[in-house]
Every structure is written in C-alpha cells, then in structure tokens.
$ cat structure_21.txt   # compact mmCIF, C-alpha atoms
# COMPACT_ATOMS: atom_id res chain seq x y z
CA MET Q 1 -159.14 -144.26 167.43
CA ASP Q 2 -160.23 -142.12 170.39
CA PHE Q 3 -158.02 -139.06 170.60
CA LYS Q 4 -159.65 -137.70 173.75
CA LEU Q 5 -157.09 -136.61 176.32
CA ARG Q 6 -157.66 -138.67 179.44
CA THR Q 7 -156.15 -139.39 182.83
CA PRO Q 8 -154.28 -142.74 182.94
CA ARG Q 9 -155.14 -145.45 185.46
CA LEU Q 10 -152.71 -147.54 187.44
CA PRO Q 11 -152.03 -150.91 185.74
CA ASP Q 12 -152.72 -154.20 187.51
CA GLY Q 13 -149.66 -155.95 186.13
CA GLN Q 14 -145.94 -155.80 186.83
CA ALA Q 15 -143.87 -152.69 186.28
CA ASN Q 16 -141.79 -152.40 183.13
CA PRO Q 17 -138.35 -153.98 183.85
CA GLU Q 18 -136.85 -150.93 182.11
CA LEU Q 19 -137.89 -148.86 185.14
CA ARG Q 20 -135.69 -150.84 187.48
CA THR Q 21 -132.72 -150.08 185.25
CA VAL Q 22 -132.98 -146.32 184.95
CA PHE Q 23 -135.02 -145.16 187.96
CA PRO Q 24 -133.06 -142.12 189.26
CA ARG Q 25 -132.25 -142.74 192.92
CA ASN Q 26 -130.10 -139.66 193.54
CA SER Q 27 -130.86 -136.02 192.80
CA SER Q 28 -129.07 -135.62 189.43
CA LEU Q 29 -132.19 -135.76 187.27
CA ASP Q 30 -134.09 -133.72 189.84
CA GLU Q 31 -131.42 -131.03 189.60
CA ILE Q 32 -131.79 -130.97 185.84
CA LEU Q 33 -135.55 -130.58 186.22
CA VAL Q 34 -135.05 -127.76 188.71
CA GLN Q 35 -133.00 -125.97 186.07
CA LEU Q 36 -135.84 -126.34 183.58
CA THR Q 37 -138.45 -124.88 185.92
CA VAL Q 38 -138.85 -122.02 188.35
CA ASP Q 39 -141.95 -122.42 190.53
CA GLY Q 40 -143.52 -124.57 187.82
CA PHE Q 41 -142.76 -122.12 185.01
CA PRO Q 42 -140.24 -122.88 182.26
CA SER Q 43 -136.87 -121.23 182.88
CA VAL Q 44 -135.76 -122.15 179.36
CA PRO Q 45 -137.88 -121.44 176.28
CA GLY Q 46 -138.82 -123.77 173.48
CA LYS Q 47 -138.27 -127.50 173.19
CA VAL Q 48 -136.11 -129.83 175.29
CA LEU Q 49 -135.24 -133.24 173.82
CA VAL Q 50 -134.12 -136.26 175.88
CA ARG Q 51 -133.04 -139.13 173.65
CA GLY Q 52 -131.55 -142.57 174.03
CA GLU Q 53 -131.83 -145.65 176.24
CA GLY Q 54 -134.46 -145.47 178.94
CA ALA Q 55 -136.12 -142.33 177.58
CA GLY Q 56 -139.56 -143.86 178.02
CA ALA Q 57 -139.03 -144.68 181.69
CA ILE Q 58 -137.47 -141.31 182.42
CA SER Q 59 -140.42 -139.54 180.77
CA SER Q 60 -142.76 -141.29 183.21
CA TYR Q 61 -140.61 -140.20 186.14
CA VAL Q 62 -140.52 -136.62 184.81
CA ALA Q 63 -144.31 -136.57 184.43
CA GLY Q 64 -144.64 -137.55 188.09
CA TRP Q 65 -142.02 -135.03 189.18
CA MET Q 66 -143.70 -132.19 187.29
CA ALA Q 67 -147.14 -133.14 188.60
CA GLY Q 68 -145.63 -133.15 192.09
CA GLN Q 69 -144.70 -129.50 191.56
CA GLY Q 70 -148.36 -128.72 190.88
CA THR Q 71 -147.90 -128.50 187.11
CA ASP Q 72 -150.50 -129.82 184.68
CA ILE Q 73 -149.08 -132.28 182.15
CA ILE Q 74 -150.38 -133.17 178.71
CA LEU Q 75 -148.65 -136.35 177.57
CA LEU Q 76 -148.82 -137.51 173.96
CA ASP Q 77 -147.48 -141.06 173.72
CA GLY Q 78 -146.32 -142.20 170.30
CA ALA Q 79 -144.06 -144.99 171.59
CA ASN Q 80 -146.50 -146.75 173.94
CA ARG Q 81 -143.89 -146.46 176.70
CA PHE Q 82 -145.63 -144.34 179.35
CA ASP Q 83 -146.03 -146.26 182.61
CA PRO Q 84 -148.25 -144.73 185.31
CA TYR Q 85 -146.76 -147.19 187.79
CA MET Q 86 -143.63 -145.03 187.66
CA VAL Q 87 -145.72 -142.02 188.69
CA SER Q 88 -147.12 -143.94 191.65
CA THR Q 89 -143.58 -144.99 192.60
CA PHE Q 90 -142.49 -141.36 192.59
CA SER Q 91 -145.58 -140.39 194.59
CA ARG Q 92 -144.58 -142.79 197.38
CA ARG Q 93 -141.11 -141.25 197.50
CA ALA Q 94 -142.59 -137.75 197.58
CA LEU Q 95 -145.30 -138.75 200.10
CA ILE Q 96 -148.04 -137.55 197.74
CA PRO Q 97 -151.16 -139.67 197.03
CA PRO Q 98 -150.74 -141.18 193.52
CA GLU Q 99 -154.28 -140.21 192.56
CA LYS Q 100 -153.39 -136.55 193.10
CA LEU Q 101 -150.48 -136.77 190.67
CA LEU Q 102 -152.29 -138.86 188.06
CA LYS Q 103 -155.13 -136.34 187.95
CA LYS Q 104 -152.59 -133.74 186.82
CA ILE Q 105 -151.53 -135.87 183.83
CA GLN Q 106 -153.73 -136.01 180.74
CA ILE Q 107 -152.64 -138.65 178.25
CA ALA Q 108 -153.45 -139.51 174.64
CA ARG Q 109 -151.80 -142.21 172.55
CA ALA Q 110 -151.03 -142.37 168.85
CA PHE Q 111 -150.12 -145.57 167.01
CA THR Q 112 -149.63 -144.17 163.49
CA CYS Q 113 -148.01 -141.07 162.05
CA TYR Q 114 -151.44 -139.87 160.91
CA GLN Q 115 -152.80 -140.09 164.45
CA MET Q 116 -149.75 -138.30 165.85
CA ALA Q 117 -150.05 -135.53 163.28
CA ILE Q 118 -153.72 -135.05 164.22
CA LEU Q 119 -152.89 -135.01 167.94
CA ILE Q 120 -150.22 -132.34 167.53
CA GLY Q 121 -151.79 -130.33 164.75
CA GLU Q 122 -155.46 -130.36 165.75
CA LYS Q 123 -156.34 -132.01 169.07
CA LEU Q 124 -153.65 -130.42 171.24
CA PRO Q 125 -154.28 -126.79 170.11
CA LEU Q 126 -158.04 -127.26 170.54
CA PHE Q 127 -157.56 -128.72 174.01
CA LEU Q 128 -155.30 -125.83 175.05
CA GLU Q 129 -157.78 -123.31 173.69
CA ARG Q 130 -160.71 -124.98 175.41
CA GLU Q 131 -158.88 -125.15 178.74
CA ALA Q 132 -157.30 -121.67 178.44
CA MET Q 133 -159.25 -120.27 181.40
CA ARG Q 134 -158.14 -123.10 183.67
CA PHE Q 135 -154.52 -122.63 182.56
CA GLN Q 136 -154.56 -118.82 182.68
CA THR Q 137 -151.97 -118.55 185.47
CA ARG Q 138 -149.54 -121.05 183.93
CA LYS Q 139 -149.56 -123.09 180.77
CA PRO Q 140 -149.32 -126.89 181.07
CA TRP Q 141 -146.18 -128.70 180.03
CA VAL Q 142 -146.48 -130.97 177.02
CA ILE Q 143 -144.52 -134.23 177.20
CA LEU Q 144 -144.21 -135.87 173.80
CA LEU Q 145 -143.01 -139.46 174.12
CA GLY Q 146 -141.70 -140.97 170.90
CA PRO Q 147 -142.13 -137.99 168.55
CA VAL Q 148 -140.30 -139.87 165.79
CA THR Q 149 -141.55 -143.42 166.50
CA PRO Q 150 -144.93 -143.32 164.66
CA PHE Q 151 -143.19 -141.93 161.58
CA LEU Q 152 -140.90 -144.96 161.25
CA ASP Q 153 -143.57 -147.21 159.76
CA GLU Q 154 -142.10 -148.18 156.37
CA ASP Q 155 -145.55 -149.12 155.10
CA VAL Q 156 -146.22 -145.39 154.94
CA PRO Q 157 -144.55 -143.87 151.85
CA GLU Q 158 -141.85 -141.23 152.17
CA ARG Q 159 -143.93 -138.70 150.26
CA GLU Q 160 -146.46 -138.75 153.11
CA VAL Q 161 -144.15 -139.15 156.11
CA ARG Q 162 -141.96 -136.08 155.51
CA PRO Q 163 -144.75 -133.50 155.09
CA LEU Q 164 -146.62 -134.90 158.11
CA PHE Q 165 -143.49 -134.76 160.28
CA GLU Q 166 -142.59 -131.24 159.18
CA ARG Q 167 -146.13 -129.98 159.75
CA SER Q 168 -146.05 -131.46 163.24
CA LEU Q 169 -142.75 -129.71 164.01
CA LYS Q 170 -144.11 -126.43 162.64
CA LYS Q 171 -147.18 -126.67 164.85
CA MET Q 172 -145.05 -127.42 167.91
CA GLU Q 173 -142.87 -124.43 167.08
CA GLU Q 174 -145.92 -122.18 166.94
CA MET Q 175 -147.17 -123.41 170.30
CA ALA Q 176 -143.69 -123.13 171.86
CA LEU Q 177 -143.43 -119.52 170.69
CA GLY Q 178 -146.81 -118.97 172.33
CA GLY Q 179 -145.37 -120.06 175.67
CA VAL Q 180 -146.20 -123.78 175.72
CA PRO Q 181 -143.11 -125.71 176.94
CA PHE Q 182 -142.35 -129.04 175.27
CA LEU Q 183 -140.36 -131.96 176.71
CA LEU Q 184 -139.59 -134.50 173.99
CA PHE Q 185 -138.49 -138.05 174.87
CA GLN Q 186 -137.28 -140.28 172.05
CA PRO Q 187 -136.18 -143.92 172.62
CA PRO Q 188 -133.29 -145.07 170.40
CA LEU Q 189 -134.01 -145.90 166.78
CA SER Q 190 -133.22 -149.29 165.31
CA SER Q 191 -129.74 -149.44 163.78
CA ASN Q 192 -131.23 -150.52 160.45
CA SER Q 193 -133.90 -147.81 160.38
CA LYS Q 194 -134.09 -146.06 157.02
CA ARG Q 195 -135.38 -142.86 158.60
CA VAL Q 196 -132.58 -141.88 160.96
CA ASP Q 197 -132.65 -138.46 159.32
CA LEU Q 198 -135.91 -137.82 161.19
CA MET Q 199 -133.90 -138.06 164.42
CA ARG Q 200 -131.35 -135.62 163.06
CA ARG Q 201 -134.17 -133.26 162.12
CA LEU Q 202 -135.63 -133.51 165.63
CA ILE Q 203 -132.23 -132.66 167.15
CA GLN Q 204 -131.96 -129.67 164.86
CA PHE Q 205 -135.49 -128.61 165.82
CA SER Q 206 -134.87 -128.80 169.58
CA ASN Q 207 -133.32 -125.99 171.61
CA TRP Q 208 -131.76 -128.35 174.17
CA VAL Q 209 -130.75 -131.99 173.71
CA TRP Q 210 -129.83 -134.48 176.43
CA LYS Q 211 -128.47 -137.89 175.39
CA ILE Q 212 -128.95 -140.91 177.68
CA SER Q 213 -126.70 -143.95 177.60
CA LEU Q 214 -126.28 -146.99 179.83
CA ASP Q 215 -122.91 -148.38 180.88
CA ASP Q 216 -121.36 -150.31 183.78
CA GLN Q 217 -121.34 -147.18 185.94
CA GLY Q 218 -125.05 -146.49 185.54
CA THR Q 219 -127.20 -144.25 183.41
CA LYS Q 220 -125.41 -141.23 181.97
CA MET Q 221 -127.05 -138.03 180.71
CA VAL Q 222 -124.93 -135.73 178.55
CA LEU Q 223 -126.01 -132.29 177.37
CA GLU Q 224 -125.39 -132.39 173.60
CA LYS Q 225 -126.98 -129.09 172.64
CA GLY Q 226 -127.76 -125.90 174.54
CA LEU Q 227 -126.47 -124.44 177.79
CA ILE Q 228 -128.47 -124.47 181.01
CA LYS Q 229 -127.34 -122.54 184.06
CA TYR Q 230 -129.19 -122.02 187.32
CA PRO Q 231 -127.96 -120.01 190.33
CA GLY Q 232 -126.62 -122.17 193.13
CA ILE Q 233 -126.41 -125.38 191.08
CA LYS Q 234 -123.31 -126.71 189.36
CA ASP Q 235 -122.99 -127.06 185.61
CA LEU Q 236 -125.00 -130.16 184.66
CA GLY Q 237 -123.59 -130.69 181.22
CA HIS Q 238 -122.52 -134.22 182.17
CA GLN Q 239 -124.52 -136.08 184.82
CA MET Q 240 -124.66 -139.61 186.12
CA ILE Q 241 -127.95 -141.13 187.29
CA ASN Q 242 -127.37 -144.12 189.55
CA PRO Q 243 -129.64 -147.14 189.07
CA ARG Q 244 -131.90 -148.04 191.98

$ encode --input "structure_21.txt" --output "structure tokens"
Amino acid sequence: MDFKLRTPRLPDGQANPELRTVFPRNSSLDEILVQLTVDGFPSVPGKVLVRGEGAGAISSYVAGWMAGQGTDIILLDGANRFDPYMVSTFSRRALIPPEKLLKKIQIARAFTCYQMAILIGEKLPLFLEREAMRFQTRKPWVILLGPVTPFLDEDVPEREVRPLFERSLKKMEEMALGGVPFLLFQPPLSSNSKRVDLMRRLIQFSNWVWKISLDDQGTKMVLEKGLIKYPGIKDLGHQMINPR
C-alpha cells in the first residue's frame, strides 16, 4: 500500500448520487465553516466531528470550501468516500479553476485499521515536519474521513483494534495541541455493528460534534456537543441544509 500523500485527480465517471442529496445550496454550511475559521485560521481549537448521513459528501464540499479560502488540506480517507468531483462542482460555483483547489488538497487512503494507524501515527507527523517551512505562516487543516470505519473489520481481533484506535486518538490529540486543526467526518455505522462503542469514544474525544440527518425537509445539522459563537452570525446550534 502506497501511503504517499498525493493530489487527487478528477474522475471520468458519474458523480456519487449521494452528492445530489446533500449538496448544500444555501449558506447554512458555509456559515458554520465561517465560524470554524478566521482568515483561514481555526477559531476553535482541537477536533470537530461531523457524523451521520451524507458525511462523506459534505467532507468533499468542505475540502473544496477550505481550499477556496487558500487553506492547505491534508485528507486521510478511511471510508473511500472522498469525491473530487464535488470539489470541482464547488469550484464552478466559486468561479475558481478546479485545478487550483485540487492542488491544495493532499489525499491518502487507508483500507485497514493498520494502514490508518500508520497514516495518523507515522506518515502524517512526518509529512507535517517535512513541510513545516512551507506551512510556517499557517498549519494545514487535516480532514479525516471515516476515522472509525477501518476499525470495524471484525476479522481483526478486539485485542488489536482497541490499542490501535486509542493510539491514533492520542496522536491526533498531540497534533491538535500543537495547533493542527482536525475535521473528522464519520458516516453512520451499521445498526448491527459490534463496535458502536468506537463511535461513542470518538464523540467523547471530539471537542465539537455535529450530527447530520436526512428527512423530508432536507438535510439537518444539529450541534450535539460544544458551543460555537461568531460575531455577527446567529447561533447555529440547529441548521437546515436544503438539497440542491
């Protein structure tokens, strides 16, 4: 498995149908992102978790939005849900060439819990250290898509999964305390998953938690944990994102 961080390319095929369901057409999600950043810098410390239906699609939109602000993004994909087509869609809305945004996003994928643990515990710190001079004015944002997903493989014994997961969280905590902001996006777990406690642990670990759900009125984001306030913007503890 090649763990080298690399810039994604636009796919030749169709866009993920999930994108048409949750693509934020109004400014609600953008307002939330504004609250998380001030001129590209994190206005809230630590780790922000977005969980639930459509988390994968929203993470792709957020990556494009952040890149559009001039922020470098490191995206670790453990759910195989990142879609660069979403970034190009955002670029057209923002009137920014898609290549410019995609060059700001470095992506690496992990398909097993061992690969994810190596990405978080070894590859990511080394990459940040190696690129420290380039990032001296502002640290890149790390988007972690599916932080729990690779650890759900029941072929991997519990005695290995738990220590790997905890070590990964500990390493993220160290980097967050060092000023590296983390955005965590976790799609919903299967109802019969035997490791739902990993999701509970991730919620406990995160400083802010947004829950996404789909209903007849659209896509709803509810702030479950944490309080975010930003001058001039209303309280966003409960926001609706209209489908396209």

$ closest_residue --input "structure_21.txt" --among "Q:Ile118, Q:Ala132, Q:Ala55, Q:Val50" --to "Pro187 in chain Q" --atoms "only C-alpha atoms"
Q:Ala55

$ atom_distance --input "structure_21.txt" --atom1 "CA of Met66 in chain Q" --atom2 "CA of Gln204 in chain Q"
25.4 Å

$ atom_distance --input "structure_21.txt" --atom1 "CA of Ala94 in chain Q" --atom2 "CA of Pro147 in chain Q"
29.0 Å

$ closest_residue --input "structure_21.txt" --among "Q:Pro97, Q:Gly226, Q:Gly146, Q:Pro188" --to "Cys113 in chain Q" --atoms "only C-alpha atoms"
Q:Gly146

$ residues_around --input "structure_21.txt" --residues "Thr89 in chain Q" --least-positions-apart "3" --cutoff "9 Å" --atoms "all atoms listed in the file" --output "count of residues only"
9

$ atom_distance --input "structure_21.txt" --atom1 "CA of Glu160 in chain Q" --atom2 "CA of Trp210 in chain Q"
29.0 Å

$ residues_around --input "structure_21.txt" --residues "Arg201 in chain Q" --least-positions-apart "5" --cutoff "10 Å" --atoms "only C-alpha atoms" --output "list in words"
Val148, Phe165, Glu166, Leu169, Val196 and Ser206 of chain Q

$ closest_residue --input "structure_21.txt" --among "Q:Asp155, Q:Glu129, Q:Glu99, Q:Asp77" --to "Val180 in chain Q" --atoms "all atoms listed in the file"
Q:Glu129

$ residues_around --input "structure_21.txt" --residues "Phe151 in chain Q" --least-positions-apart "4" --cutoff "9 Å" --atoms "all atoms listed in the file" --output "number ranges by chain"
Q: 112-114, 116, 147, 156, 161-162, 164-165, 195, 198

$ closest_residue --input "structure_21.txt" --among "Q:Leu214, Q:Leu177, Q:Leu76, Q:Ile96" --to "Leu145 in chain Q" --atoms "all atoms listed in the file"
Q:Leu76

$ closest_residue --input "structure_21.txt" --among "Q:Lys170, Q:Arg134, Q:Arg51, Q:Lys225" --to "Ile120 in chain Q" --atoms "all atoms listed in the file"
Q:Lys170

$ closest_residue --input "structure_21.txt" --among "Q:Met133, Q:Ala108, Q:Met221, Q:Leu152" --to "Ile58 in chain Q" --atoms "only C-alpha atoms"
Q:Met221

$ axis_aligned_box --input "structure_21.txt" --around "range 141-146 of chain Q" --padding-each-side "5 Å" --output "lines of an AutoDock Vina configuration file"
center_x = -144.1
center_y = -134.8
center_z = 175.5
size_x = 14.8
size_y = 22.3
size_z = 19.1

$ build_atoms --input "structure_21.txt" --residues "range 42-69 of chain Q" --atoms "N, CA and C atoms" --output "PDB file, in the frame of the given file"
ATOM      1  N   PRO Q  42    -141.469-122.539 182.969  1.00  0.00           N
ATOM      2  CA  PRO Q  42    -140.240-122.880 182.260  1.00  0.00           C
ATOM      3  C   PRO Q  42    -139.186-121.797 182.410  1.00  0.00           C
ATOM      4  N   SER Q  43    -137.970-122.178 182.805  1.00  0.00           N
ATOM      5  CA  SER Q  43    -136.870-121.230 182.880  1.00  0.00           C
ATOM      6  C   SER Q  43    -136.084-121.211 181.585  1.00  0.00           C
ATOM      7  N   VAL Q  44    -136.367-122.145 180.694  1.00  0.00           N
ATOM      8  CA  VAL Q  44    -135.760-122.150 179.360  1.00  0.00           C
ATOM      9  C   VAL Q  44    -136.894-122.211 178.343  1.00  0.00           C
ATOM     10  N   PRO Q  45    -136.795-121.455 177.254  1.00  0.00           N
ATOM     11  CA  PRO Q  45    -137.880-121.440 176.280  1.00  0.00           C
ATOM     12  C   PRO Q  45    -137.794-122.619 175.314  1.00  0.00           C
ATOM     13  N   GLY Q  46    -138.867-122.852 174.599  1.00  0.00           N
ATOM     14  CA  GLY Q  46    -138.820-123.770 173.480  1.00  0.00           C
ATOM     15  C   GLY Q  46    -138.963-125.230 173.821  1.00  0.00           C
ATOM     16  N   LYS Q  47    -138.106-126.052 173.177  1.00  0.00           N
ATOM     17  CA  LYS Q  47    -138.270-127.500 173.190  1.00  0.00           C
ATOM     18  C   LYS Q  47    -137.014-128.174 173.742  1.00  0.00           C
ATOM     19  N   VAL Q  48    -137.213-129.089 174.682  1.00  0.00           N
ATOM     20  CA  VAL Q  48    -136.110-129.830 175.290  1.00  0.00           C
ATOM     21  C   VAL Q  48    -136.258-131.294 174.888  1.00  0.00           C
ATOM     22  N   LEU Q  49    -135.221-131.852 174.289  1.00  0.00           N
ATOM     23  CA  LEU Q  49    -135.240-133.240 173.820  1.00  0.00           C
ATOM     24  C   LEU Q  49    -134.351-134.101 174.716  1.00  0.00           C
ATOM     25  N   VAL Q  50    -134.891-135.242 175.169  1.00  0.00           N
ATOM     26  CA  VAL Q  50    -134.120-136.260 175.880  1.00  0.00           C
ATOM     27  C   VAL Q  50    -134.184-137.513 175.027  1.00  0.00           C
ATOM     28  N   ARG Q  51    -133.039-137.994 174.578  1.00  0.00           N
ATOM     29  CA  ARG Q  51    -133.040-139.130 173.650  1.00  0.00           C
ATOM     30  C   ARG Q  51    -132.103-140.225 174.126  1.00  0.00           C
ATOM     31  N   GLY Q  52    -132.435-141.455 173.736  1.00  0.00           N
ATOM     32  CA  GLY Q  52    -131.550-142.570 174.030  1.00  0.00           C
ATOM     33  C   GLY Q  52    -132.203-143.635 174.884  1.00  0.00           C
ATOM     34  N   GLU Q  53    -131.364-144.494 175.477  1.00  0.00           N
ATOM     35  CA  GLU Q  53    -131.830-145.650 176.240  1.00  0.00           C
ATOM     36  C   GLU Q  53    -132.563-145.205 177.517  1.00  0.00           C
ATOM     37  N   GLY Q  54    -133.725-145.783 177.732  1.00  0.00           N
ATOM     38  CA  GLY Q  54    -134.460-145.470 178.940  1.00  0.00           C
ATOM     39  C   GLY Q  54    -135.273-144.199 178.878  1.00  0.00           C
ATOM     40  N   ALA Q  55    -135.387-143.591 177.687  1.00  0.00           N
ATOM     41  CA  ALA Q  55    -136.120-142.330 177.580  1.00  0.00           C
ATOM     42  C   ALA Q  55    -137.585-142.494 177.981  1.00  0.00           C
ATOM     43  N   GLY Q  56    -138.165-143.639 177.665  1.00  0.00           N
ATOM     44  CA  GLY Q  56    -139.560-143.860 178.020  1.00  0.00           C
ATOM     45  C   GLY Q  56    -139.772-143.890 179.519  1.00  0.00           C
ATOM     46  N   ALA Q  57    -138.901-144.610 180.241  1.00  0.00           N
ATOM     47  CA  ALA Q  57    -139.030-144.680 181.690  1.00  0.00           C
ATOM     48  C   ALA Q  57    -138.782-143.331 182.339  1.00  0.00           C
ATOM     49  N   ILE Q  58    -137.779-142.613 181.850  1.00  0.00           N
ATOM     50  CA  ILE Q  58    -137.470-141.310 182.420  1.00  0.00           C
ATOM     51  C   ILE Q  58    -138.612-140.332 182.183  1.00  0.00           C
ATOM     52  N   SER Q  59    -139.286-140.428 181.035  1.00  0.00           N
ATOM     53  CA  SER Q  59    -140.420-139.540 180.770  1.00  0.00           C
ATOM     54  C   SER Q  59    -141.529-139.751 181.792  1.00  0.00           C
ATOM     55  N   SER Q  60    -141.736-141.003 182.209  1.00  0.00           N
ATOM     56  CA  SER Q  60    -142.760-141.290 183.210  1.00  0.00           C
ATOM     57  C   SER Q  60    -142.372-140.700 184.551  1.00  0.00           C
ATOM     58  N   TYR Q  61    -141.091-140.809 184.901  1.00  0.00           N
ATOM     59  CA  TYR Q  61    -140.610-140.200 186.140  1.00  0.00           C
ATOM     60  C   TYR Q  61    -140.783-138.684 186.090  1.00  0.00           C
ATOM     61  N   VAL Q  62    -140.421-138.076 184.957  1.00  0.00           N
ATOM     62  CA  VAL Q  62    -140.520-136.620 184.810  1.00  0.00           C
ATOM     63  C   VAL Q  62    -141.969-136.163 184.928  1.00  0.00           C
ATOM     64  N   ALA Q  63    -142.891-136.922 184.331  1.00  0.00           N
ATOM     65  CA  ALA Q  63    -144.310-136.570 184.430  1.00  0.00           C
ATOM     66  C   ALA Q  63    -144.747-136.539 185.897  1.00  0.00           C
ATOM     67  N   GLY Q  64    -144.308-137.535 186.674  1.00  0.00           N
ATOM     68  CA  GLY Q  64    -144.640-137.550 188.090  1.00  0.00           C
ATOM     69  C   GLY Q  64    -143.994-136.412 188.844  1.00  0.00           C
ATOM     70  N   TRP Q  65    -142.749-136.125 188.518  1.00  0.00           N
ATOM     71  CA  TRP Q  65    -142.020-135.030 189.180  1.00  0.00           C
ATOM     72  C   TRP Q  65    -142.706-133.699 188.913  1.00  0.00           C
ATOM     73  N   MET Q  66    -143.056-133.448 187.646  1.00  0.00           N
ATOM     74  CA  MET Q  66    -143.700-132.190 187.290  1.00  0.00           C
ATOM     75  C   MET Q  66    -145.070-132.069 187.955  1.00  0.00           C
ATOM     76  N   ALA Q  67    -145.828-133.157 187.947  1.00  0.00           N
ATOM     77  CA  ALA Q  67    -147.140-133.140 188.600  1.00  0.00           C
ATOM     78  C   ALA Q  67    -146.985-132.875 190.089  1.00  0.00           C
ATOM     79  N   GLY Q  68    -145.892-133.386 190.672  1.00  0.00           N
ATOM     80  CA  GLY Q  68    -145.630-133.150 192.090  1.00  0.00           C
ATOM     81  C   GLY Q  68    -145.337-131.699 192.403  1.00  0.00           C
ATOM     82  N   GLN Q  69    -144.924-130.933 191.394  1.00  0.00           N
ATOM     83  CA  GLN Q  69    -144.700-129.500 191.560  1.00  0.00           C
ATOM     84  C   GLN Q  69    -145.985-128.690 191.352  1.00  0.00           C
TER      85      GLN Q  69
END
